[in-house]
There are 2 protein chains.
Amino acid sequence: VKAAVVTIGDELLIGQVVNTNAAWIGAELTNLGIRVTLNMTIGDEREEILEALETVLSKTDVVILTGGLGPTHDDVTKACVADYFKAALIQDDAILAEVKSRFERRNMVMPPSNVGQALVPEGFEAILNSAGSAPALIRQEKGSLLAVLPGVPHEMKLFMTGTVLPRIQKMGGLDVRCQKTLLVTGIGESSLQQHLDGLGDMLDEHRTLAFLPNLQSLRLRMTTTGEGAEERLAELEGWIRARASKWIYAEGDTSLEEVVGHLLKQKGLTLAVAESCTGGFVSHTITNVPGSSDYMLGGVVSYSNEAKQEIIGVNSSTIQLHGAVSKETAMEMAEGVRRALGASIGISTTGIMGPGGGTPEKPVGTVWLGISTQEKTIAVLQKLGSERTRNKQRAVTAILNLLRRTILQLED
Amino acid sequence: VKAAVVTIGDELLIGQVVNTNAAWIGAELTNLGIRVTLNMTIGDEREEILEALETVLSKTDVVILTGGLGPTHDDVTKACVADYFKAALIQDDAILAEVKSRFERRNMVMPPSNVGQALVPEGFEAILNSAGSAPALIRQEKGSLLAVLPGVPHEMKLFMTGTVLPRIQKMGGLDVRCQKTLLVTGIGESSLQQHLDGLGDMLDEHRTLAFLPNLQSLRLRMTTTGEGAEERLAELEGWIRARASKWIYAEGDTSLEEVVGHLLKQKGLTLAVAESCTGGFVSHTITNVPGSSDYMLGGVVSYSNEAKQEIIGVNSSTIQLHGAVSKETAMEMAEGVRRALGASIGISTTGIMGPGGGTPEKPVGTVWLGISTQEKTIAVLQKLGSERTRNKQRAVTAILNLLRRTILQLED
């Protein structure tokens, strides 16, 4: 089964937006065992869209097309698709009612331009959009599927995971295929490679391993195909775990904050956070997990020294003697916030995220992470890079991993 | 002058790498006044590359093709390009000497596979690579240019800025072109359209307006071309501002948190944040701006009621009478955190982000935003959607906009 991804939007062509949709869709299709052979990006131009449809529909079985479905004047995708198939546009009353009620729920009157959202080309099925107003359009025939989706990434992803990918799987013609992803944190890609010495001998055409780094973790995606796929996947997983279990924190699609949240809930522990350099990002990440109010009591963003002293009771002499970015301050912050909120565990961050603020002794990227329980309070040093946004992300990942290891009472 | 960008590489199709090259090249070409009409991404496959060359060379004047120039077995771009033009591959001794000496400088012997790097298709010019081994290949005729560049981003960029973009400029035939982007927040795309009634009459082939929404704001990108482009851009901007100035918070590439940070700094004001439902995201966003420690004193994530009462002094009777998600609680939070940290302005969020926690009176998506200055303390209600992550983002945007409007003393 071959596939093409067509992304429509001038903002992509002129480079105002990087095409993350194409990458995400490509990864998901590949994941199902489909060979993605072509990506095309074109503007909101009738001729370009018609030509692109001609090209991709003649060459591939599965076509995912995104963008240009909104109600505004420059969104012409649907009309072009209808023209290409010489299909009439027919009003779908269920869609219209849903679009109207979306506006009503927010105490707004639906602007007339939104009526067009409910027009569906003949031969297409319209799927309601749970996160926006433009429905998805799907045309499915034996062995082929064309999905026309909104370009807004989270709406596109909901449609892909909820409808399109399951349908493609049901289409059949895909190889037997097993896949599992191990999530790793606390070690870099090349260091991990060294611990996996001999990996090459474990892999072949039908048993592959992809290293997929993102800001939070490194995902190791194992894929096996053909006869005995399941057994050979288990063998590879065992081989990797025997060498890297220390850094594997979960499997599949979960996040470090979900893993930590689950552990806190399971053990009946509560959490308080004192952050300086991460500026609220630790608390934000923890509270992204639904139900986090069960264990997250709260946090303090002690950006100024006064905030550190007055709200979480760090001694002014500690800051004077050792500096705001120090082991001692990190420890007092973690212990102070734990006591102030009456939590089982307190965690803290203090550091220099850049671009300014570095000194020869404490260069940009220096960060202390503190953790305090009723038994003990410690702090560990991390040396990060020079880029502020990435440093914040990496500090969050490191403190969450420290929290996870502390709850599990793992030794270093 | 029309252009196409062709990026070659399986890693792009399977989504292992996001195609930042296409975005960067698109932005640079647009900047010169060239209209980018097509991006294609294909694998390292002979047939696909030949077909793509046929498509783009027949439709556009400038073609930038990247990737597949390395010495490894799956890099077939150069052979395909030579075949397409029926051009012999001729060894370029200057290139060969340079590739050899690159290896010698690193005390290595050049692997034989690298001899191929010095082969140049007839009719192409080879440009030495100062950062890697593969030279760029350029075929230039009157009014057209094809550049074949390595896919490694920093090598590609060196070739583009050093050679390709200057040559394109010299080709001439580029339109006069003006562009400006207005940033809008606090209004949806379709409601804004209603306020811009009559917009269609302002636009034509040489004066266009694109609506580019992202999670934080709606960007209105105006483009004019041809004679009088500057005046006609100013006219369109004036027309839009006359109807939508209330929602325009900046121009160009800035963010709402940068605008707010700039205003706070300019007026010598300091800020304190009390957040419940946004869980640290407000503080995180504000502290993403370098230099934010000049005005950001700190924040409290009062996820539990106890944290609201003990750290920022919300009255327990207020929570009992009106609930944690209420106008009264939002106001006491904003005022409490302002006093606790001695800031000029305090802001607060309290709401129900979902998926759980809603009631008939206070459904998921209900959020109160508070703001307190020495003069007055107010709170406003927002009704958001049902998706937790998006709700957090939208609440952050709304409180930052409320803060901006308060500093500027704008009326509703």
# chains A, B, ... in the order shown; residues from 1 in each chain; ligands from 1
call {"tool": "closest_atom_pairs", "arguments": {"of": "chain A", "to": "chain B", "cutoff": "6 Å", "atoms": "only C-alpha atoms", "output": "Markdown table"}}
result
| residue | atom | partner | partner_atom | distance |
| --- | --- | --- | --- | --- |
| A:Leu13 | CA | B:Gly26 | CA | 5.5 |
| A:Ile14 | CA | B:Gly26 | CA | 4.5 |
| A:Gly15 | CA | B:Ala23 | CA | 3.8 |
| A:Val18 | CA | B:Ala23 | CA | 5.5 |
| A:Ala23 | CA | B:Gly15 | CA | 3.8 |
| A:Trp24 | CA | B:Gly15 | CA | 5.8 |
| A:Gly26 | CA | B:Ile14 | CA | 4.6 |
| A:Ala27 | CA | B:Gly15 | CA | 4.5 |
| A:Thr30 | CA | B:Ile14 | CA | 5.8 |
| A:Val36 | CA | B:Leu13 | CA | 5.9 |
| A:Leu38 | CA | B:Ile42 | CA | 5.0 |
| A:Asn39 | CA | B:Thr41 | CA | 4.8 |
| A:Met40 | CA | B:Met40 | CA | 4.5 |
| A:Thr41 | CA | B:Asn39 | CA | 4.8 |
| A:Ile42 | CA | B:Leu38 | CA | 5.0 |
| A:Gly279 | CA | B:His284 | CA | 4.9 |
| A:Gly280 | CA | B:Gly280 | CA | 4.3 |
| A:Phe281 | CA | B:His284 | CA | 4.9 |
| A:Ser283 | CA | B:Gly280 | CA | 5.1 |
| A:His284 | CA | B:Gly280 | CA | 4.4 |
| A:Thr287 | CA | B:Gly279 | CA | 5.5 |
| A:Leu297 | CA | B:Ser304 | CA | 5.0 |
| A:Gly298 | CA | B:Tyr303 | CA | 4.7 |
| A:Gly299 | CA | B:Val301 | CA | 4.6 |
| A:Val300 | CA | B:Val300 | CA | 4.4 |
| A:Val301 | CA | B:Gly299 | CA | 4.6 |
| A:Ser302 | CA | B:Gly298 | CA | 4.9 |
| A:Tyr303 | CA | B:Gly298 | CA | 4.7 |
| A:Ser304 | CA | B:Leu297 | CA | 5.0 |
call {"tool": "select_by_dssp", "arguments": {"residues": "range 47-119 of chain B", "states": "strand (DSSP E or B)", "output": "list in words"}}
result
Val62, Val63, Ile64, Leu65, Thr66, Leu89, Ile90, Gln91 and Leu119 of chain B
call {"tool": "write_last_selection", "arguments": {"atoms": "N, CA and C atoms", "output": "PDB file, in the first residue's frame"}}
result
ATOM      1  N   VAL B  62      12.573  28.823 -11.054  1.00  0.00           N
ATOM      2  CA  VAL B  62      13.650  28.557 -10.103  1.00  0.00           C
ATOM      3  C   VAL B  62      13.324  27.268  -9.365  1.00  0.00           C
ATOM      4  N   VAL B  63      14.275  26.337  -9.368  1.00  0.00           N
ATOM      5  CA  VAL B  63      14.054  25.075  -8.648  1.00  0.00           C
ATOM      6  C   VAL B  63      15.228  24.852  -7.700  1.00  0.00           C
ATOM      7  N   ILE B  64      14.901  24.685  -6.419  1.00  0.00           N
ATOM      8  CA  ILE B  64      15.924  24.344  -5.436  1.00  0.00           C
ATOM      9  C   ILE B  64      15.663  22.902  -5.031  1.00  0.00           C
ATOM     10  N   LEU B  65      16.676  22.067  -5.232  1.00  0.00           N
ATOM     11  CA  LEU B  65      16.526  20.648  -4.948  1.00  0.00           C
ATOM     12  C   LEU B  65      17.577  20.286  -3.895  1.00  0.00           C
ATOM     13  N   THR B  66      17.164  19.671  -2.799  1.00  0.00           N
ATOM     14  CA  THR B  66      18.139  19.340  -1.760  1.00  0.00           C
ATOM     15  C   THR B  66      18.070  17.869  -1.406  1.00  0.00           C
ATOM     16  N   LEU B  89      28.671  12.610 -17.019  1.00  0.00           N
ATOM     17  CA  LEU B  89      29.295  12.998 -15.749  1.00  0.00           C
ATOM     18  C   LEU B  89      30.805  13.126 -15.981  1.00  0.00           C
ATOM     19  N   ILE B  90      31.327  14.293 -15.731  1.00  0.00           N
ATOM     20  CA  ILE B  90      32.737  14.571 -16.016  1.00  0.00           C
ATOM     21  C   ILE B  90      33.451  14.876 -14.706  1.00  0.00           C
ATOM     22  N   GLN B  91      34.648  14.298 -14.563  1.00  0.00           N
ATOM     23  CA  GLN B  91      35.369  14.512 -13.305  1.00  0.00           C
ATOM     24  C   GLN B  91      35.936  15.933 -13.237  1.00  0.00           C
ATOM     25  N   LEU B 119      32.354  14.194  -9.590  1.00  0.00           N
ATOM     26  CA  LEU B 119      31.729  14.066 -10.919  1.00  0.00           C
ATOM     27  C   LEU B 119      30.655  15.139 -11.090  1.00  0.00           C
TER      28      LEU B 119
END
call {"tool": "residues_around", "arguments": {"residues": "range 125-142 of chain B", "least_positions_apart": "4", "cutoff": "10 Å", "atoms": "only C-alpha atoms", "output": "compact mmCIF listing (two decimals) with C-alpha atoms, in the first residue's frame"}}
result
# COMPACT_ATOMS: atom_id res chain seq x y z
CA ASP B 61 11.60 29.16 -13.22
CA VAL B 62 13.65 28.56 -10.10
CA VAL B 63 14.05 25.08 -8.65
CA ILE B 64 15.92 24.34 -5.44
CA LEU B 65 16.53 20.65 -4.95
CA THR B 66 18.14 19.34 -1.76
CA GLY B 68 20.69 12.73 -1.77
CA LEU B 69 24.11 14.09 -2.73
CA GLY B 70 26.22 12.16 -0.22
CA PRO B 71 28.55 9.31 -1.09
CA LYS B 78 23.16 13.46 -9.05
CA VAL B 81 19.80 14.89 -12.63
CA ASP B 92 36.22 17.96 -11.91
CA ALA B 94 39.62 20.94 -8.59
CA ILE B 95 36.72 19.40 -6.68
CA LEU B 96 38.51 16.06 -6.35
CA GLU B 98 39.53 19.67 -2.47
CA VAL B 99 37.61 16.60 -1.27
CA LYS B 100 40.91 14.72 -0.88
CA ARG B 102 39.48 17.74 3.41
CA PHE B 103 40.19 14.17 4.44
CA ASN B 114 34.08 9.85 -2.36
CA GLY B 116 32.01 10.31 -7.09
CA GLN B 117 31.71 13.67 -5.30
CA ALA B 118 33.94 15.17 -8.01
CA LEU B 119 31.73 14.07 -10.92
CA VAL B 120 29.80 16.97 -12.44
CA PRO B 121 27.01 16.65 -15.04
CA LEU B 146 18.23 24.87 -10.99
CA ALA B 147 20.29 24.43 -7.83
CA VAL B 148 21.09 20.93 -6.53
CA LEU B 149 22.25 21.24 -2.91
CA PRO B 150 23.21 18.91 -0.06
CA GLY B 151 20.39 18.22 2.42
CA VAL B 152 22.43 18.95 5.55
CA HIS B 154 23.85 24.27 7.45
CA GLU B 155 25.57 23.27 4.20
CA MET B 156 22.41 24.04 2.24
CA LEU B 158 25.70 28.37 3.17
CA PHE B 159 25.15 27.61 -0.51
CA MET B 160 21.83 29.48 -0.58
CA THR B 163 25.64 31.68 -4.11
CA VAL B 164 22.05 30.85 -5.01
CA ARG B 167 22.33 34.82 -8.44
CA ILE B 168 18.55 34.82 -8.35
CA MET B 171 18.45 37.30 -12.75
call {"tool": "select_by_dssp", "arguments": {"residues": "range 79-179 of chain B", "states": "helix (DSSP H, G or I)", "output": "PyMOL selection string"}}
result
chain B and resi 79-84+93-105+112-118+153-171
